[in-house]
Amino acid sequence: MGKTMVREFPPPPRAEQFSDLIKKRLEEVRSSGGTRETVTVDWNGQQIHVDVVDLPLADLYLNPGTHRIRAQRSHKPDQDRNLDQDPFGDAGQTYLTALLKAQPSNPELRDPDFDKLQEDLDKFGQNDPGLVTHHGVLVNGNTRAVALRELGKQTMRVGVLPASFTQADIDAVELALQLRQDQRRDYSYINRLLAMEEQAGRGRTPEQIAKDFRIKPATYHQERWILSVIKELNDRSASGGGVALRLVDWEGAQERLKELQRLYVKLETLDRDQAEILKEWRLAAILLGFSKTDVRHIDEAFLKEGYLGKELPAELADSGTAVQAESVSIPGLGLDVPAASSAVSAARALNDRILRAAATVRNTTAGVPDSEKAPAQSVIDQAKGAFDQAIESAGRQARLRKRKQLAPARLADACASIDQCVIEVVQARTSNSLDEEAFDEAVLKLQTSLRKLAQQAGRGIPNPGDGVSWLIAAATAEGNR
C-alpha cells in the first residue's frame, strides 16, 4: 500500500550552530525586560506558551514532513526520492518550495491562494508567527516562509519549540495548528486523509481522531475507506511494472468519492456483486474526469439496463470479457470459496486498463516514450467516449422517469395537504374559529381544479384505472347538476 509517511528526520546541516543562534536570541528576548511575544501551542491535550524571536529566513529549513504537501510529493517521483534521501539538501528543499506554491490538484500550476497569501503579507506584513524547532526546521509557516522569501524579506518571526520535542511531537503540533479554523490555507483533501492515517498509525482511536478533525466517527471511517480504495487503485495502476498513479491524481474528487462510498455501503449488504461493479465503474468515471452529476447516473438502473456494455468498443469490451467464476482455495483450511463473478471480473479488468492507461498518460517523469503514451491515450479516449454515451443515455431515461413521476408526486403532495386540512378544520370547529366564508371560497377553487384535472386525465387513456375513472365520473356528475 506504499511507504509509510511517519518517519524521523536527521538533524539538518549546521544544526548545532543554528541551535546556538536560537539560544542567544531567546536569551535576548528574555533579558530585555520588555513585553515578550509568545505563541500558544496545543500539545498532548495541554497548551504551552513558547517565546517568539526573529530568525534569518535564509537559514530556516522547510519541513520535509509537513502534512500540507504529503500527497503532492508523489507528483514527481524522482524529486520525491531526492527529498527522501536528503530532506534538507538543495534539491529536496527546492522541490518543497515548488510544491508549497502549487495548486494541490495540479502541482504544475501556481496556486492563486498562494498569491493571495503573498499579497496579504506584502501589504500587511506577518501577523502571526510561525513555529520552528531548535534546529531551524519550520513546523508551521512553511508556505509563509516561501512567500516571504519571494518578497525579498530577510527575517521571519517564529515561536521556538522546546528542544526536547520528538518528531511525533512536532507532527502533532503541526496537525493541531492546521485543524484550527482560523488558518489561511487548509490542507487539501488527500492530505487530510493521510494525516488521519498517520494518527491511526500512532495508536489513536477513531473517536479521538474524529474529535481532533471535528468530524463524526462515521465520517472518519468513510475517509479511511476512501484512502484505502485510492491506494489499492494506485497499486493496480502499476500492474506489469509500469508507472503508477499518484495520490495527487485523486485531489478534487472528494464529493464523488464520498457519494461512491455511501452507494457502496447501501448496496453491499443487498448485492455485493452489484456494489463491486458499480464501484469499479464509478471510480473509472471519476478518473476519466466526469462531473458529480454525471457519475450519479452510474447506479442500479445504469447496471440493469446495460448502458455501458452497449457503448464499449470491442477492444475495451474484450478487456472485460467474462471470466468464468472459479473457486479460490484458502490455504490451511482446505476450503474453497467462490471467486468474484464474471461480471465483477469484467468490470475490474476494464477499470485496470483505464487505470494503467491513465498512469501512463499522466506520468510527468522522463522515460515513458510516445510509443507507449499514444496507445494509452487511445484507451482513455475510447473509454471516455463510451462512458459519455452511456451516461447520456442513462440521463435521458432518468429525465423521462422524472417527468412521468412529476404529476403523481404533485397529486400526492396535494393529498397530504388535504389530510392536514381535515385536522385543521376539526381543530378550528372545536375552538369555533373557522372562517367559513374563506373556507367556502377555497373549496370552490378545489372544485375548479378537480374539473381541470379530470379533463386532462381523461384524454388519451383508453382504459383508465379506478382512480382516474372515479375522478372523471365525479367531475361529470358535478357538471350535470
# chains A, B, ... in the order shown; residues from 1 in each chain; ligands from 1
call {"tool": "select_by_dssp", "arguments": {"residues": "range 176-319 of chain A", "states": "helix (DSSP H, G or I)", "output": "PyMOL selection string"}}
result
chain A and resi 176-178+189-201+206-212+217-237+247-250+254-268+272-287+292-295+300-305+307-311+314-319
call {"tool": "select_by_dssp", "arguments": {"residues": "range 204-360 of chain A", "states": "strand (DSSP E or B)", "output": "tab-separated table (two decimals) with N, CA, C and O atoms, in the first residue's frame"}}
result
chain	number	residue	atom	x	y	z
A	327	SER	N	-13.35	-21.14	-8.10
A	327	SER	CA	-13.25	-21.14	-6.64
A	327	SER	C	-11.83	-20.77	-6.25
A	327	SER	O	-10.88	-21.01	-6.99
A	328	VAL	N	-11.70	-20.17	-5.09
A	328	VAL	CA	-10.41	-19.79	-4.54
A	328	VAL	C	-10.18	-20.59	-3.27
A	328	VAL	O	-11.04	-20.63	-2.39
A	329	SER	N	-9.02	-21.25	-3.20
A	329	SER	CA	-8.72	-22.08	-2.04
A	329	SER	C	-8.10	-21.23	-0.94
A	329	SER	O	-7.25	-20.38	-1.19
A	330	ILE	N	-8.54	-21.44	0.30
A	330	ILE	CA	-7.98	-20.73	1.45
A	330	ILE	C	-6.91	-21.63	2.07
A	330	ILE	O	-7.23	-22.71	2.61
A	335	LEU	N	-10.56	-25.08	2.42
A	335	LEU	CA	-11.88	-24.63	1.98
A	335	LEU	C	-11.77	-23.93	0.64
A	335	LEU	O	-10.78	-23.28	0.34
A	336	ASP	N	-12.82	-24.07	-0.17
A	336	ASP	CA	-12.91	-23.33	-1.41
A	336	ASP	C	-14.06	-22.34	-1.31
A	336	ASP	O	-15.16	-22.70	-0.88
A	337	VAL	N	-13.79	-21.10	-1.67
A	337	VAL	CA	-14.86	-20.10	-1.68
A	337	VAL	C	-14.98	-19.56	-3.11
A	337	VAL	O	-14.01	-19.56	-3.87
A	338	PRO	N	-16.18	-19.13	-3.50
A	338	PRO	CA	-16.36	-18.64	-4.87
A	338	PRO	C	-15.51	-17.40	-5.12
A	338	PRO	O	-15.37	-16.53	-4.26
call {"tool": "residues_around", "arguments": {"residues": "Leu60 in chain A", "least_positions_apart": "2", "cutoff": "6 Å", "atoms": "only C-alpha atoms", "output": "PDB file with C-alpha atoms, in the first residue's frame"}}
result
ATOM      1  CA  LEU A  57      14.883  33.356   6.534  1.00  0.00           C
ATOM      2  CA  ALA A  58      17.811  32.071   4.524  1.00  0.00           C
ATOM      3  CA  GLY A 136      15.720  25.645  12.476  1.00  0.00           C
TER       4      GLY A 136
END
call {"tool": "closest_residue", "arguments": {"among": "A:Ala390, A:Val248, A:Ala347, A:Leu471", "to": "Asn234 in chain A", "atoms": "only C-alpha atoms"}}
result
A:Val248
call {"tool": "closest_residue", "arguments": {"among": "A:Ser342, A:Ser188, A:Thr133, A:Gln93", "to": "Pro162 in chain A", "atoms": "only C-alpha atoms"}}
result
A:Thr133
call {"tool": "residues_around", "arguments": {"residues": "Gln456 in chain A", "least_positions_apart": "5", "cutoff": "12 Å", "atoms": "only C-alpha atoms", "output": "list in words"}}
result
Ala407, Ser449, Leu450, Arg451, Ile461, Val468, Leu471, Ile472 and Ala475 of chain A
call {"tool": "write_last_selection", "arguments": {"atoms": "all heavy atoms", "output": "CSV table (one decimal), in the first residue's frame"}}
result
chain,number,residue,atom,x,y,z
A,407,ALA,N,-46.4,14.4,-12.1
A,407,ALA,CA,-47.8,14.6,-11.8
A,407,ALA,C,-48.3,13.7,-10.6
A,407,ALA,O,-48.9,14.3,-9.7
A,407,ALA,CB,-48.6,14.3,-13.1
A,449,SER,N,-60.3,23.1,-9.8
A,449,SER,CA,-59.0,22.4,-10.1
A,449,SER,C,-59.3,21.0,-10.4
A,449,SER,O,-58.7,20.4,-11.3
A,449,SER,CB,-58.1,22.6,-8.9
A,449,SER,OG,-57.7,23.9,-8.7
A,450,LEU,N,-60.2,20.3,-9.6
A,450,LEU,CA,-60.5,18.9,-9.9
A,450,LEU,C,-61.2,18.7,-11.3
A,450,LEU,O,-60.9,17.7,-11.9
A,450,LEU,CB,-61.4,18.4,-8.8
A,450,LEU,CG,-60.7,18.1,-7.4
A,450,LEU,CD1,-61.7,17.8,-6.4
A,450,LEU,CD2,-59.7,17.0,-7.6
A,451,ARG,N,-62.0,19.7,-11.7
A,451,ARG,CA,-62.6,19.6,-13.0
A,451,ARG,C,-61.5,19.6,-14.1
A,451,ARG,O,-61.5,18.9,-15.1
A,451,ARG,CB,-63.6,20.7,-13.2
A,451,ARG,CG,-64.9,20.5,-12.5
A,451,ARG,CD,-65.8,21.7,-12.7
A,451,ARG,NE,-67.1,21.6,-12.0
A,451,ARG,CZ,-67.9,22.6,-11.8
A,451,ARG,NH1,-67.6,23.8,-12.2
A,451,ARG,NH2,-69.1,22.3,-11.2
A,461,ILE,N,-56.4,8.2,-22.6
A,461,ILE,CA,-56.3,7.0,-21.8
A,461,ILE,C,-57.5,6.1,-22.1
A,461,ILE,O,-58.6,6.3,-21.6
A,461,ILE,CB,-56.3,7.3,-20.3
A,461,ILE,CG1,-55.2,8.3,-19.9
A,461,ILE,CG2,-56.2,6.0,-19.4
A,461,ILE,CD1,-55.1,8.7,-18.5
A,468,VAL,N,-58.6,7.2,-11.9
A,468,VAL,CA,-59.0,8.2,-12.9
A,468,VAL,C,-60.5,8.0,-13.3
A,468,VAL,O,-61.2,9.1,-13.5
A,468,VAL,CB,-58.1,8.0,-14.2
A,468,VAL,CG1,-58.5,8.9,-15.3
A,468,VAL,CG2,-56.6,8.3,-13.8
A,471,LEU,N,-62.5,10.0,-10.8
A,471,LEU,CA,-62.3,11.4,-10.9
A,471,LEU,C,-63.2,11.9,-12.1
A,471,LEU,O,-63.9,12.9,-12.0
A,471,LEU,CB,-60.8,11.7,-11.2
A,471,LEU,CG,-60.5,13.2,-11.5
A,471,LEU,CD1,-60.8,14.0,-10.2
A,471,LEU,CD2,-59.0,13.4,-11.8
A,472,ILE,N,-63.2,11.2,-13.2
A,472,ILE,CA,-64.0,11.6,-14.4
A,472,ILE,C,-65.4,11.5,-14.1
A,472,ILE,O,-66.2,12.4,-14.4
A,472,ILE,CB,-63.6,10.7,-15.6
A,472,ILE,CG1,-62.2,10.9,-16.1
A,472,ILE,CG2,-64.6,10.9,-16.8
A,472,ILE,CD1,-61.7,9.9,-17.1
A,475,ALA,N,-66.4,14.4,-11.7
A,475,ALA,CA,-66.5,15.7,-12.5
A,475,ALA,C,-67.7,15.7,-13.4
A,475,ALA,O,-68.3,16.8,-13.5
A,475,ALA,CB,-65.2,15.9,-13.2
call {"tool": "atom_distance", "arguments": {"atom1": "CA of Leu131 in chain A", "atom2": "CA of Gly159 in chain A"}}
result
4.6 Å
call {"tool": "residues_around", "arguments": {"residues": "range 191-203 of chain A", "least_positions_apart": "2", "cutoff": "7 Å", "atoms": "only C-alpha atoms", "output": "list in words"}}
result
Val6, His67, Arg68, Ile69, Arg70, Ala71, Tyr187, Ser188, Tyr189, Thr205, Ile209, Glu223, Arg224 and Leu227 of chain A
call {"tool": "residues_around", "arguments": {"residues": "range 353-365 of chain A", "least_positions_apart": "2", "cutoff": "9 Å", "atoms": "only C-alpha atoms", "output": "ChimeraX atom specification"}}
result
/A:75-78,233-234,236-239,242-246,249,284,287-288,316,319,348-351,367-368,372-380,383
call {"tool": "closest_residue", "arguments": {"among": "A:His297, A:Lys258, A:Phe165, A:Pro13", "to": "Arg399 in chain A", "atoms": "only C-alpha atoms"}}
result
A:His297
